[in-house]
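Listing of my_file_8.cif, mmCIF, C-alpha atoms
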data_coords
#
loop_
_atom_site.label_atom_id
_atom_site.label_comp_id
_atom_site.auth_asym_id
_atom_site.auth_seq_id
_atom_site.Cartn_x
_atom_site.Cartn_y
_atom_site.Cartn_z
CA MET A 1 131.00 127.64 116.00
CA GLU A 2 130.66 127.93 119.76
CA ARG A 3 128.02 126.15 121.73
CA HIS A 4 125.92 129.21 122.58
CA HIS A 5 126.07 130.35 118.98
CA PHE A 6 124.92 126.88 117.94
CA GLU A 7 122.01 127.11 120.38
CA ASP A 8 121.06 130.44 118.82
CA GLU A 9 121.17 128.89 115.37
CA LEU A 10 118.89 126.05 116.47
CA LYS A 11 116.47 128.57 117.95
CA THR A 12 116.45 130.53 114.69
CA LEU A 13 115.88 127.32 112.77
CA LYS A 14 112.82 126.50 114.89
CA ASN A 15 111.51 130.05 114.52
CA ARG A 16 111.84 129.93 110.75
CA LEU A 17 109.93 126.64 110.66
CA ILE A 18 107.17 128.17 112.78
CA THR A 19 107.01 131.21 110.53
CA MET A 20 106.81 128.96 107.48
CA GLY A 21 104.07 126.93 109.19
CA GLY A 22 102.12 130.11 109.95
CA LEU A 23 102.35 131.16 106.32
CA VAL A 24 101.05 127.80 105.16
CA GLU A 25 98.19 127.89 107.66
CA GLU A 26 97.25 131.30 106.31
CA ARG A 27 97.27 129.94 102.77
CA LEU A 28 94.98 127.08 103.73
CA HIS A 29 92.69 129.53 105.45
CA LYS A 30 92.60 131.78 102.39
CA ALA A 31 91.96 128.86 100.03
CA MET A 32 88.99 127.79 102.14
CA ALA A 33 87.72 131.36 102.46
CA SER A 34 87.82 131.71 98.68
CA LEU A 35 85.63 128.61 98.41
CA ILE A 36 83.19 129.57 101.14
CA GLN A 37 82.86 133.24 100.19
CA GLY A 38 83.14 132.64 96.43
CA ARG A 39 86.14 134.98 96.17
CA GLU A 40 88.27 134.30 93.12
CA ASP A 41 90.78 136.96 94.14
CA LEU A 42 91.72 135.00 97.26
CA ALA A 43 92.16 131.76 95.31
CA GLN A 44 94.34 133.50 92.76
CA ARG A 45 96.48 135.01 95.50
CA VAL A 46 97.03 131.57 97.07
CA ILE A 47 98.14 130.18 93.69
CA ARG A 48 100.36 133.14 92.94
CA GLU A 49 102.10 133.25 96.32
CA ASP A 50 103.36 129.67 96.28
CA ASP A 51 106.89 130.93 95.60
CA GLN A 52 107.10 132.37 99.09
CA ILE A 53 106.76 128.93 100.66
CA ASP A 54 109.22 127.43 98.21
CA ALA A 55 111.81 130.05 99.15
CA PHE A 56 111.33 129.11 102.81
CA GLU A 57 112.02 125.46 102.08
CA ILE A 58 115.25 126.26 100.28
CA GLU A 59 116.37 128.59 103.07
CA ILE A 60 115.62 126.14 105.89
CA ASP A 61 117.23 123.23 104.08
CA ASP A 62 120.30 125.35 103.59
CA ARG A 63 120.42 126.29 107.27
CA CYS A 64 120.22 122.60 108.19
CA LEU A 65 123.00 121.57 105.82
CA LYS A 66 125.24 124.33 107.16
CA LEU A 67 124.56 123.32 110.75
CA LEU A 68 125.32 119.69 109.93
CA ALA A 69 128.53 120.60 108.15
CA LEU A 70 129.89 123.26 110.50
CA GLN A 71 128.74 121.97 113.84
CA GLN A 72 128.85 118.23 113.23
CA PRO A 73 126.22 117.72 115.90
CA LEU A 74 125.64 114.48 117.72
CA ALA A 75 122.71 112.50 119.03
CA SER A 76 119.74 114.67 119.89
CA ASP A 77 120.95 117.79 118.02
CA LEU A 78 121.59 115.67 114.96
CA ARG A 79 118.07 114.29 115.12
CA LEU A 80 116.68 117.78 115.64
CA ILE A 81 118.31 119.03 112.44
CA THR A 82 117.43 116.04 110.26
CA SER A 83 113.85 116.25 111.60
CA ALA A 84 113.72 119.93 110.71
CA MET A 85 114.69 119.06 107.13
CA LYS A 86 111.91 116.50 106.90
CA ILE A 87 109.30 118.69 108.58
CA CYS A 88 110.13 121.59 106.29
CA SER A 89 109.43 119.48 103.22
CA GLU A 90 106.11 118.34 104.75
CA ILE A 91 105.09 121.97 105.31
CA GLU A 92 106.01 122.85 101.75
CA ARG A 93 103.67 120.12 100.52
CA VAL A 94 100.87 121.45 102.66
CA GLY A 95 101.40 124.73 100.80
CA ASP A 96 100.98 122.82 97.53
CA LYS A 97 97.69 121.41 98.81
CA ALA A 98 96.44 124.93 99.60
CA ALA A 99 97.16 125.86 95.98
CA SER A 100 95.36 122.71 94.78
CA ILE A 101 92.31 123.61 96.87
CA ALA A 102 92.41 127.13 95.46
CA ARG A 103 92.41 125.70 91.90
CA CYS A 104 89.33 123.58 92.68
CA SER A 105 87.72 126.63 94.22
CA LEU A 106 88.23 128.60 91.00
CA THR A 107 86.37 125.86 89.11
CA LEU A 108 83.51 125.84 91.61
CA ILE A 109 82.96 129.56 92.17
CA PRO A 110 81.20 130.33 88.83
CA GLN A 111 78.76 127.43 89.36
CA PRO A 112 75.71 127.32 91.63
CA PRO A 113 76.53 125.64 94.97
CA LEU A 114 75.79 121.93 95.09
CA LYS A 115 74.93 121.93 98.77
CA PRO A 116 75.70 124.03 101.83
CA LEU A 117 79.38 123.64 102.69
CA ILE A 118 79.50 122.17 106.18
CA ASP A 119 81.70 119.08 106.24
CA ILE A 120 84.49 120.48 104.08
CA PRO A 121 85.11 123.59 106.21
CA ARG A 122 84.96 121.37 109.30
CA MET A 123 87.52 118.97 107.81
CA ALA A 124 89.71 121.91 106.82
CA ASP A 125 89.59 123.35 110.36
CA MET A 126 90.58 119.98 111.77
CA ALA A 127 93.47 119.58 109.34
CA GLN A 128 94.70 123.11 109.98
CA THR A 129 94.67 122.51 113.74
CA LEU A 130 96.61 119.30 113.21
CA ILE A 131 99.36 121.14 111.30
CA HIS A 132 99.49 123.84 113.97
CA ASP A 133 99.68 121.29 116.79
CA ALA A 134 102.29 119.22 114.95
CA LEU A 135 104.59 122.23 114.73
CA ASP A 136 103.89 123.11 118.36
CA ALA A 137 104.79 119.56 119.31
CA PHE A 138 108.05 119.90 117.38
CA VAL A 139 109.08 123.17 119.00
CA ASN A 140 108.14 122.07 122.52
CA ARG A 141 109.33 118.49 122.05
CA ASP A 142 105.86 117.37 123.14
CA ALA A 143 105.48 113.69 122.28
CA GLU A 144 102.07 113.49 123.93
CA LEU A 145 100.63 116.21 121.71
CA ALA A 146 102.26 114.50 118.73
CA ARG A 147 100.59 111.21 119.63
CA SER A 148 97.17 112.86 119.82
CA ILE A 149 97.63 113.91 116.19
CA LEU A 150 97.93 110.31 115.03
CA VAL A 151 94.50 109.66 116.54
CA ARG A 152 92.84 112.84 115.29
CA ASP A 153 94.02 112.16 111.73
CA ARG A 154 91.64 109.18 111.73
CA GLN A 155 88.69 111.50 112.32
CA VAL A 156 89.58 113.51 109.23
CA ASP A 157 89.74 110.27 107.23
CA GLU A 158 86.29 109.29 108.49
CA LEU A 159 84.78 112.64 107.53
CA LYS A 160 86.34 112.27 104.08
CA ASP A 161 84.80 108.80 103.59
CA GLN A 162 81.40 110.00 104.81
CA LEU A 163 81.48 112.97 102.44
CA PHE A 164 82.51 110.72 99.56
CA ARG A 165 79.47 108.49 100.07
CA GLU A 166 77.19 111.53 100.30
CA LEU A 167 78.54 113.11 97.12
CA LEU A 168 78.26 109.81 95.30
CA THR A 169 74.54 109.80 96.09
CA TYR A 170 74.21 113.27 94.61
CA MET A 171 76.00 112.25 91.42
CA MET A 172 73.96 109.09 90.92
CA ALA A 173 70.70 110.97 91.46
CA ASP A 174 71.51 113.83 89.11
CA PRO A 175 74.33 113.78 86.53
CA ALA A 176 74.20 117.57 86.38
CA THR A 177 75.92 117.56 89.77
CA ILE A 178 78.84 115.35 88.70
CA GLN A 179 81.39 118.02 87.88
CA ARG A 180 80.78 119.97 91.08
CA ALA A 181 80.68 116.85 93.23
CA LEU A 182 84.00 115.72 91.75
CA GLN A 183 85.63 119.02 92.66
CA LEU A 184 84.35 118.68 96.23
CA ILE A 185 85.71 115.13 96.40
CA MET A 186 89.10 116.40 95.21
CA ILE A 187 89.07 119.17 97.81
CA SER A 188 88.26 116.69 100.57
CA ARG A 189 91.20 114.56 99.44
CA HIS A 190 93.54 117.53 99.45
CA ILE A 191 92.45 118.30 103.00
CA GLU A 192 92.97 114.69 103.99
CA ARG A 193 96.52 114.92 102.59
CA VAL A 194 97.12 117.98 104.77
CA ALA A 195 96.16 115.91 107.81
CA ASP A 196 98.50 113.15 106.58
CA HIS A 197 101.36 115.63 106.45
CA ALA A 198 100.56 116.63 110.05
CA THR A 199 100.77 112.93 110.93
CA ASN A 200 104.14 112.63 109.23
CA ILE A 201 105.42 115.61 111.23
CA ALA A 202 104.00 114.13 114.44
CA GLU A 203 105.84 110.86 113.77
CA ASP A 204 109.08 112.77 113.27
CA VAL A 205 108.50 114.57 116.57
CA ILE A 206 107.94 111.34 118.47
CA PHE A 207 111.11 109.94 116.93
CA LEU A 208 112.95 113.10 117.87
CA VAL A 209 111.77 113.10 121.47
CA GLU A 210 111.80 109.43 122.23
CA ALA A 211 114.39 108.26 119.72
CA THR A 212 112.05 105.44 118.80
CA ASP A 213 110.67 105.04 115.34
CA VAL A 214 106.89 105.06 115.49
CA ARG A 215 106.49 105.40 111.78
CA HIS A 216 104.27 102.66 110.40
CA ARG A 217 103.39 101.50 113.87
CA GLY A 218 100.89 104.08 115.10
CA PRO A 219 97.12 103.85 114.71
CA SER A 220 97.54 105.87 111.55
CA GLY A 221 100.13 103.70 109.81
CA GLY A 222 99.68 102.14 106.44
CA GLY A 223 99.11 104.84 103.86
CA ASP A 224 96.06 106.53 102.46
CA GLN A 225 93.67 105.26 99.89
CA MET B 1 135.55 104.96 110.94
CA GLU B 2 138.23 104.94 108.29
CA ARG B 3 137.74 106.41 104.86
CA HIS B 4 137.57 103.13 102.94
CA HIS B 5 135.13 101.75 105.48
CA PHE B 6 133.05 104.90 105.03
CA GLU B 7 133.09 104.39 101.25
CA ASP B 8 131.84 100.84 101.79
CA GLU B 9 129.07 102.13 104.01
CA LEU B 10 127.99 104.63 101.37
CA LYS B 11 127.97 101.89 98.76
CA THR B 12 125.80 99.71 101.02
CA LEU B 13 123.47 102.65 101.58
CA LYS B 14 123.02 103.11 97.84
CA ASN B 15 122.47 99.39 97.34
CA ARG B 16 119.81 99.29 100.01
CA LEU B 17 118.01 102.22 98.38
CA ILE B 18 118.12 100.43 95.03
CA THR B 19 116.78 97.24 96.60
CA MET B 20 113.99 99.20 98.25
CA GLY B 21 113.24 100.88 94.92
CA GLY B 22 113.08 97.49 93.18
CA LEU B 23 110.64 96.23 95.78
CA VAL B 24 108.40 99.25 95.30
CA GLU B 25 108.51 98.89 91.51
CA GLU B 26 107.44 95.27 91.93
CA ARG B 27 104.54 96.36 94.15
CA LEU B 28 103.38 98.88 91.57
CA HIS B 29 103.62 96.24 88.90
CA LYS B 30 101.59 93.78 90.98
CA ALA B 31 98.93 96.37 91.80
CA MET B 32 98.50 97.11 88.09
CA ALA B 33 98.51 93.41 87.19
CA SER B 34 95.75 92.80 89.74
CA LEU B 35 93.67 95.49 88.03
CA ILE B 36 94.35 94.35 84.47
CA GLN B 37 94.01 90.62 85.12
CA GLY B 38 91.25 90.96 87.72
CA ARG B 39 93.31 89.15 90.34
CA GLU B 40 92.23 89.93 93.88
CA ASP B 41 95.02 87.78 95.33
CA LEU B 42 97.67 90.09 93.87
CA ALA B 43 95.95 93.21 95.22
CA GLN B 44 95.67 91.66 98.65
CA ARG B 45 99.34 90.72 98.62
CA VAL B 46 100.33 94.31 97.77
CA ILE B 47 98.25 95.61 100.68
CA ARG B 48 99.56 92.99 103.08
CA GLU B 49 103.22 93.40 102.24
CA ASP B 50 103.41 97.13 102.94
CA ASP B 51 105.33 96.40 106.15
CA GLN B 52 108.35 95.28 104.17
CA ILE B 53 108.77 98.73 102.63
CA ASP B 54 108.24 100.40 105.97
CA ALA B 55 111.00 98.30 107.51
CA PHE B 56 113.32 99.43 104.72
CA GLU B 57 112.62 103.07 105.43
CA ILE B 58 113.43 102.66 109.09
CA GLU B 59 116.63 100.76 108.32
CA ILE B 60 117.90 103.26 105.75
CA ASP B 61 117.09 106.25 107.92
CA ASP B 62 118.99 104.61 110.72
CA ARG B 63 122.00 103.98 108.49
CA CYS B 64 122.01 107.64 107.48
CA LEU B 65 121.79 108.92 111.04
CA LYS B 66 124.66 106.66 112.09
CA LEU B 67 126.79 107.80 109.16
CA LEU B 68 126.08 111.44 110.00
CA ALA B 69 126.91 110.91 113.65
CA LEU B 70 129.98 108.70 113.36
CA GLN B 71 131.56 110.04 110.23
CA GLN B 72 130.59 113.68 110.45
CA PRO B 73 130.85 113.95 106.68
CA LEU B 74 131.37 117.20 104.83
CA ALA B 75 130.18 118.77 101.58
CA SER B 76 129.31 116.23 98.96
CA ASP B 77 129.14 113.21 101.31
CA LEU B 78 126.90 115.17 103.62
CA ARG B 79 124.58 115.99 100.74
CA LEU B 80 124.63 112.38 99.62
CA ILE B 81 123.44 111.17 103.02
CA THR B 82 120.76 113.81 103.54
CA SER B 83 119.56 113.14 99.98
CA ALA B 84 119.36 109.43 100.73
CA MET B 85 117.12 110.18 103.72
CA LYS B 86 114.79 112.24 101.56
CA ILE B 87 114.76 109.78 98.67
CA CYS B 88 114.01 106.90 100.98
CA SER B 89 110.90 108.64 102.28
CA GLU B 90 109.79 109.34 98.69
CA ILE B 91 110.14 105.65 97.84
CA GLU B 92 108.16 104.66 100.89
CA ARG B 93 105.33 106.89 99.72
CA VAL B 94 105.39 105.28 96.29
CA GLY B 95 104.83 102.02 98.16
CA ASP B 96 101.78 103.59 99.81
CA LYS B 97 100.45 104.54 96.38
CA ALA B 98 100.82 100.94 95.18
CA ALA B 99 98.67 99.87 98.14
CA SER B 100 96.13 102.59 97.31
CA ILE B 101 95.92 101.36 93.71
CA ALA B 102 95.47 97.81 94.98
CA ARG B 103 92.55 98.95 97.17
CA CYS B 104 90.87 100.62 94.17
CA SER B 105 91.50 97.47 92.18
CA LEU B 106 89.69 95.37 94.80
CA THR B 107 86.64 97.64 94.40
CA LEU B 108 86.72 97.37 90.61
CA ILE B 109 87.41 93.66 90.10
CA PRO B 110 83.89 92.40 90.98
CA GLN B 111 82.28 94.89 88.58
CA PRO B 112 82.06 94.67 84.78
CA PRO B 113 84.84 96.70 83.13
CA LEU B 114 83.88 100.24 82.20
CA LYS B 115 86.13 100.38 79.17
CA PRO B 116 89.27 98.65 77.92
CA LEU B 117 92.19 99.68 80.14
CA ILE B 118 94.68 101.40 77.85
CA ASP B 119 95.63 104.80 79.25
CA ILE B 120 95.97 103.72 82.87
CA PRO B 121 98.47 100.90 82.20
CA ARG B 122 100.37 103.30 79.94
CA MET B 123 100.48 105.95 82.66
CA ALA B 124 101.58 103.34 85.19
CA ASP B 125 104.41 102.16 82.90
CA MET B 126 105.58 105.72 82.49
CA ALA B 127 105.50 106.40 86.22
CA GLN B 128 107.31 103.17 87.00
CA THR B 129 110.07 104.03 84.51
CA LEU B 130 110.36 107.47 86.09
CA ILE B 131 110.93 105.97 89.54
CA HIS B 132 113.48 103.53 88.12
CA ASP B 133 115.34 106.27 86.26
CA ALA B 134 115.26 108.59 89.26
CA LEU B 135 117.02 105.99 91.38
CA ASP B 136 119.48 105.27 88.57
CA ALA B 137 120.20 108.97 88.36
CA PHE B 138 120.86 109.02 92.10
CA VAL B 139 123.24 106.10 92.10
CA ASN B 140 125.14 107.28 89.02
CA ARG B 141 124.98 110.98 89.96
CA ASP B 142 123.43 111.58 86.54
CA ALA B 143 121.96 115.08 86.50
CA GLU B 144 121.00 114.85 82.86
CA LEU B 145 118.84 111.77 83.40
CA ALA B 146 117.36 113.51 86.43
CA ARG B 147 116.44 116.54 84.33
CA SER B 148 114.70 114.37 81.74
CA ILE B 149 112.41 113.16 84.53
CA LEU B 150 111.14 116.66 85.21
CA VAL B 151 110.02 116.86 81.58
CA ARG B 152 108.52 113.36 81.37
CA ASP B 153 106.47 113.98 84.53
CA ARG B 154 104.50 116.54 82.50
CA GLN B 155 103.45 113.81 80.05
CA VAL B 156 101.98 111.76 82.89
CA ASP B 157 100.05 114.83 84.04
CA GLU B 158 98.68 115.34 80.54
CA LEU B 159 97.52 111.73 80.28
CA LYS B 160 95.83 112.09 83.65
CA ASP B 161 93.94 115.22 82.54
CA GLN B 162 92.90 113.60 79.28
CA LEU B 163 91.63 110.51 81.09
CA PHE B 164 89.74 112.68 83.56
CA ARG B 165 87.85 114.42 80.75
CA GLU B 166 87.06 111.11 79.11
CA LEU B 167 85.76 109.52 82.31
CA LEU B 168 83.69 112.60 83.03
CA THR B 169 81.93 112.07 79.69
CA TYR B 170 81.13 108.48 80.68
CA MET B 171 79.69 109.55 84.01
CA MET B 172 77.52 112.30 82.54
CA ALA B 173 76.17 109.96 79.87
CA ASP B 174 75.35 107.11 82.22
CA PRO B 175 75.16 107.42 86.03
CA ALA B 176 75.59 103.65 86.30
CA THR B 177 79.25 104.19 85.42
CA ILE B 178 79.92 106.75 88.16
CA GLN B 179 81.33 104.45 90.82
CA ARG B 180 83.68 102.68 88.43
CA ALA B 181 84.75 105.89 86.74
CA LEU B 182 85.53 107.42 90.12
CA GLN B 183 87.79 104.51 91.02
CA LEU B 184 89.64 104.90 87.72
CA ILE B 185 90.06 108.62 88.38
CA MET B 186 91.49 107.82 91.80
CA ILE B 187 93.89 105.29 90.31
CA SER B 188 95.08 107.80 87.73
CA ARG B 189 95.74 110.29 90.53
CA HIS B 190 97.71 107.74 92.53
CA ILE B 191 99.83 107.06 89.45
CA GLU B 192 100.33 110.77 88.93
CA ARG B 193 101.55 111.01 92.54
CA VAL B 194 104.07 108.25 91.83
CA ALA B 195 105.44 110.35 88.98
CA ASP B 196 105.54 113.35 91.34
CA HIS B 197 107.64 111.35 93.79
CA ALA B 198 110.03 110.51 90.94
CA THR B 199 110.24 114.23 90.23
CA ASN B 200 111.03 114.96 93.87
CA ILE B 201 113.83 112.38 93.78
CA ALA B 202 115.14 113.84 90.51
CA GLU B 203 115.27 117.30 92.08
CA ASP B 204 117.21 115.91 95.01
CA VAL B 205 119.66 114.28 92.57
CA ILE B 206 120.23 117.51 90.67
CA PHE B 207 120.84 119.29 93.95
CA LEU B 208 123.22 116.54 94.99
CA VAL B 209 125.21 116.61 91.77
CA GLU B 210 125.23 120.29 91.01
CA ALA B 211 124.77 121.66 94.50
CA THR B 212 122.15 123.99 93.10
CA ASP B 213 118.60 123.93 94.29
CA VAL B 214 116.32 123.30 91.31
CA ARG B 215 113.33 122.63 93.45
CA HIS B 216 110.44 124.88 92.48
CA ARG B 217 112.33 126.12 89.46
CA GLY B 218 112.06 123.27 86.94
CA PRO B 219 109.32 122.90 84.36
CA SER B 220 107.54 120.75 86.87
CA GLY B 221 107.51 123.21 89.79
CA GLY B 222 104.43 124.44 91.54
CA GLY B 223 102.49 121.52 92.97
CA ASP B 224 99.79 119.22 91.70
CA GLN B 225 96.12 119.86 91.46
#
Starting from the file, lay out its structure as structure tokens.
Amino acid sequence: MERHHFEDELKTLKNRLITMGGLVEERLHKAMASLIQGREDLAQRVIREDDQIDAFEIEIDDRCLKLLALQQPLASDLRLITSAMKICSEIERVGDKAASIARCSLTLIPQPPLKPLIDIPRMADMAQTLIHDALDAFVNRDAELARSILVRDRQVDELKDQLFRELLTYMMADPATIQRALQLIMISRHIERVADHATNIAEDVIFLVEATDVRHRGPSGGGDQ
Amino acid sequence: MERHHFEDELKTLKNRLITMGGLVEERLHKAMASLIQGREDLAQRVIREDDQIDAFEIEIDDRCLKLLALQQPLASDLRLITSAMKICSEIERVGDKAASIARCSLTLIPQPPLKPLIDIPRMADMAQTLIHDALDAFVNRDAELARSILVRDRQVDELKDQLFRELLTYMMADPATIQRALQLIMISRHIERVADHATNIAEDVIFLVEATDVRHRGPSGGGDQ
């Protein structure tokens, strides 16, 4: 494989990752819309269309393996390709979370709303932006943008904790709210996991750009709870 | 790097993964022991010692990158090394789950027990065995063992669902149990995630051995909820 062909292949690889990321963002958006607008059809579509994302992961992984085998890249290209493999599996898991949110939404839709949905859509917007920015940071090798994600992930965690305390109050005051409150807690945890995946991608980007390993050293290190 | 030196390096890589896996199993075991025996000291140790696992991930990743760069391996060696990178990040996340369980345990220990702990330790044993077997399957290139993990993961999911329904009944009957029941639900979800990580490793092993991509095709495909 010649150098310029290799460059083309790397460009295609990045484009496919971006396309996959766009698809996953759309799924998250649809899952949230199903919850907010009470639309079962949207939730069902999100659950049904998971295969599309899975096919992307297999394709991108395959591209990476071929590039590693045929081109035997060194240093920064090598890191680019191994990062792409990791990032692609993070994106796939975000797709899983969209399906999980859609399943919770299906449980909630037939029931009367527990409270106006304000914090959860806000959390979801934040998490979606984090995923978008993490992929932007990857494509543009933007370590600064990647670092900002590590900080913003904390804000999503805080919203999740705040919501948890609020929903706990509801449940204690009125057991009839327990089932719905539990579903909202689960949704908030799925969204938090989306933000965690964005953080994982951001850490890969910083490693890629600066060839230093920031994993487990950033403000966001140390796992979820 | 000569061939026999390369073989040695691959052997070391596998050994380091096994050591890391053993450490994570021990952490899971300690987190569960803290819960069952009401020992805060054990939980705190699990939370404190997360750095050890993180250091392993960085070391193993680094080994893999060096092997890819210096040896430029082909076909099955290439797959072995990229699999090792993926598996190592799965193990690290199992370590995070052990810390999450320990944090729930710290919340539960000062409170009177909600009910005798039977299902949760059983789930934890199952998940721990799955992680152990998944790593065994990797080292021995045992696709059959790996496939059995995809099936056994379903049993952990079923136990989790059953426990959820049971705890829901507690909460509805007596709001004083809500906080404790919620912690137990969270713990059961962390354990379920451990089993999911074992499944991810098993899928990597099958891909490694058979060079077919079983991801998203096994009985366990399609994400959690």
Contact residues around stretch 87-93 of chain B with only C-alpha atoms at 7 Å, ignoring same-chain residues under 3 positions, as a count of residues only: 11
Expected answer as a compact mmCIF listing (two decimals) with C-alpha atoms, in the frame of the given file: all residues with atoms within 10 Å of (79.7, 113.0, 98.2), all atoms listed in the file:
# COMPACT_ATOMS: atom_id res chain seq x y z
CA LYS A 160 86.34 112.27 104.08
CA ASP A 161 84.80 108.80 103.59
CA GLN A 162 81.40 110.00 104.81
CA LEU A 163 81.48 112.97 102.44
CA PHE A 164 82.51 110.72 99.56
CA ARG A 165 79.47 108.49 100.07
CA GLU A 166 77.19 111.53 100.30
CA LEU A 167 78.54 113.11 97.12
CA LEU A 168 78.26 109.81 95.30
CA THR A 169 74.54 109.80 96.09
CA TYR A 170 74.21 113.27 94.61
CA MET A 171 76.00 112.25 91.42
CA ILE A 178 78.84 115.35 88.70
CA ALA A 181 80.68 116.85 93.23
CA LEU A 182 84.00 115.72 91.75
CA LEU A 184 84.35 118.68 96.23
CA ILE A 185 85.71 115.13 96.40
CA SER A 188 88.26 116.69 100.57
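Applied to this file, the PyMOL selection byres ((chain B and resi 147) around 10) selects the residues Ala134, Ala137, Asp142, Ala143, Glu144, Leu145, Ala146, Ser148, Ile149, Leu150, Val151, Arg152, Thr199, Ala202, Glu203, Val205, Ile206, Val214, Gly218 and Pro219 of chain B.
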Near B:Ile36, within 10 Å and counting all atoms listed in the file, which residues show up once chain neighbours fewer than 6 positions away are dropped, as a list in words?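 Those residues are Lys30, Ser105, Ile109, Pro113, Pro116, Leu117, Ile118, Ile120 and Pro121 of chain B.
For the set B:Leu13, B:Val24, B:Met85, B:Leu35, the residue with the smallest atom-to-atom gap to chain A is B:Met85, counting all atoms listed in the file.
You can rank A:Asp174, A:Asp133, A:Glu25, A:Asp153 by their closest distance to A:Val46 using only C-alpha atoms, and at the top of that list sits A:Glu25.
Remark: for A:Asp204, the closest of the candidate residues B:Asp77, B:Asp50, B:Asp61, B:Asp8 is B:Asp61 (distances computed over all atoms listed in the file).
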Contacts of chain B with chain A up to 9 Å, shortest pair per row, all atoms listed in the file, as a tab-separated table:
residue	atom	partner	partner_atom	distance
B:Ile47	CA	A:Gly222	CA	8.8
B:Asp50	CA	A:Gly222	CA	7.2
B:Asp51	CA	A:His216	CA	7.6
B:Asp54	CA	A:His216	CA	6.4
B:Ala55	CA	A:His216	CA	8.5
B:Ile58	CA	A:Asp213	CA	7.2
B:Leu65	CA	A:Arg79	CA	7.7
B:Leu68	CA	A:Leu78	CA	7.9
B:Ala69	CA	A:Leu74	CA	5.6
B:Leu70	CA	A:Leu74	CA	8.4
B:Gln72	CA	A:Gln72	CA	5.6
B:Pro73	CA	A:Ala69	CA	7.2
B:Leu74	CA	A:Ala69	CA	5.5
B:Ala75	CA	A:Ala69	CA	7.0
B:Leu78	CA	A:Ala69	CA	7.3
B:Arg79	CA	A:Leu65	CA	7.7
B:Thr82	CA	A:Thr82	CA	7.8
B:Met85	CA	A:Lys86	CA	8.8
B:Lys86	CA	A:Lys86	CA	7.4
B:Arg93	CA	A:Gly223	CA	7.7
B:Gly95	CA	A:Gly223	CA	8.6
B:Asp96	CA	A:Gly223	CA	5.0
B:Lys97	CA	A:Gly223	CA	7.6
B:Ala99	CA	A:Gln225	CA	7.6
B:Ser100	CA	A:Gln225	CA	4.5
B:Ile101	CA	A:Gln225	CA	7.6
B:Arg103	CA	A:Gln225	CA	7.0
B:Cys104	CA	A:Gln225	CA	7.9
B:Leu168	CA	A:Gln179	CA	7.6
B:Met171	CA	A:Pro175	CA	7.3
B:Met172	CA	A:Pro175	CA	5.3
B:Ala173	CA	A:Pro175	CA	7.9
B:Asp174	CA	A:Pro175	CA	8.0
B:Pro175	CA	A:Met172	CA	5.3
B:Ala176	CA	A:Met172	CA	7.3
B:Ile178	CA	A:Met172	CA	7.0
B:Gln179	CA	A:Leu168	CA	7.6
B:Leu182	CA	A:Leu182	CA	8.6
B:Met186	CA	A:Gln225	CA	8.8
B:His190	CA	A:Gln225	CA	8.8
B:Asp213	CA	A:Ile58	CA	7.2
B:Arg215	CA	A:Asp54	CA	7.9
B:His216	CA	A:Asp54	CA	6.4
B:Gly222	CA	A:Asp96	CA	7.1
B:Gly223	CA	A:Asp96	CA	5.0
B:Asp224	CA	A:Ser100	CA	6.4
B:Gln225	CA	A:Ser100	CA	4.4
Give me, please, the distance in Å between atom CA of A:Gln111 and atom CA of A:Arg180, quoted to one decimal.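 Atom-to-atom, atom CA of A:Gln111 to atom CA of A:Arg180, that is 7.9 Å.
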Give me, please, the distance in Å between atom CA of B:Ala31 and atom CA of B:His132, quoted to one decimal.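 Atom-to-atom, atom CA of B:Ala31 to atom CA of B:His132, that is 16.6 Å.
Between atom CA of A:Met126 and atom CA of A:Met32 the separation is 12.5 Å.
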Missing atoms in stretch 161-166 of chain A: fill them in up to N, CA, C and O atoms and send the result as a PDB file, keeping the file's coordinate frame.
ATOM      1  N   ASP A 161      85.531 109.962 104.117  1.00  0.00           N
ATOM      2  CA  ASP A 161      84.800 108.800 103.590  1.00  0.00           C
ATOM      3  C   ASP A 161      83.287 109.055 103.593  1.00  0.00           C
ATOM      4  O   ASP A 161      82.581 108.689 102.652  1.00  0.00           O
ATOM      5  N   GLN A 162      82.827 109.686 104.671  1.00  0.00           N
ATOM      6  CA  GLN A 162      81.400 110.000 104.810  1.00  0.00           C
ATOM      7  C   GLN A 162      80.968 110.958 103.704  1.00  0.00           C
ATOM      8  O   GLN A 162      79.943 110.751 103.037  1.00  0.00           O
ATOM      9  N   LEU A 163      81.774 111.983 103.471  1.00  0.00           N
ATOM     10  CA  LEU A 163      81.480 112.970 102.440  1.00  0.00           C
ATOM     11  C   LEU A 163      81.476 112.331 101.056  1.00  0.00           C
ATOM     12  O   LEU A 163      80.643 112.642 100.203  1.00  0.00           O
ATOM     13  N   PHE A 164      82.416 111.416 100.848  1.00  0.00           N
ATOM     14  CA  PHE A 164      82.510 110.720  99.560  1.00  0.00           C
ATOM     15  C   PHE A 164      81.200 109.985  99.274  1.00  0.00           C
ATOM     16  O   PHE A 164      80.634 110.090  98.186  1.00  0.00           O
ATOM     17  N   ARG A 165      80.711 109.244 100.263  1.00  0.00           N
ATOM     18  CA  ARG A 165      79.470 108.490 100.070  1.00  0.00           C
ATOM     19  C   ARG A 165      78.304 109.443  99.779  1.00  0.00           C
ATOM     20  O   ARG A 165      77.471 109.185  98.913  1.00  0.00           O
ATOM     21  N   GLU A 166      78.263 110.562 100.489  1.00  0.00           N
ATOM     22  CA  GLU A 166      77.190 111.530 100.300  1.00  0.00           C
ATOM     23  C   GLU A 166      77.228 112.118  98.891  1.00  0.00           C
ATOM     24  O   GLU A 166      76.206 112.198  98.201  1.00  0.00           O
TER      25      GLU A 166
END
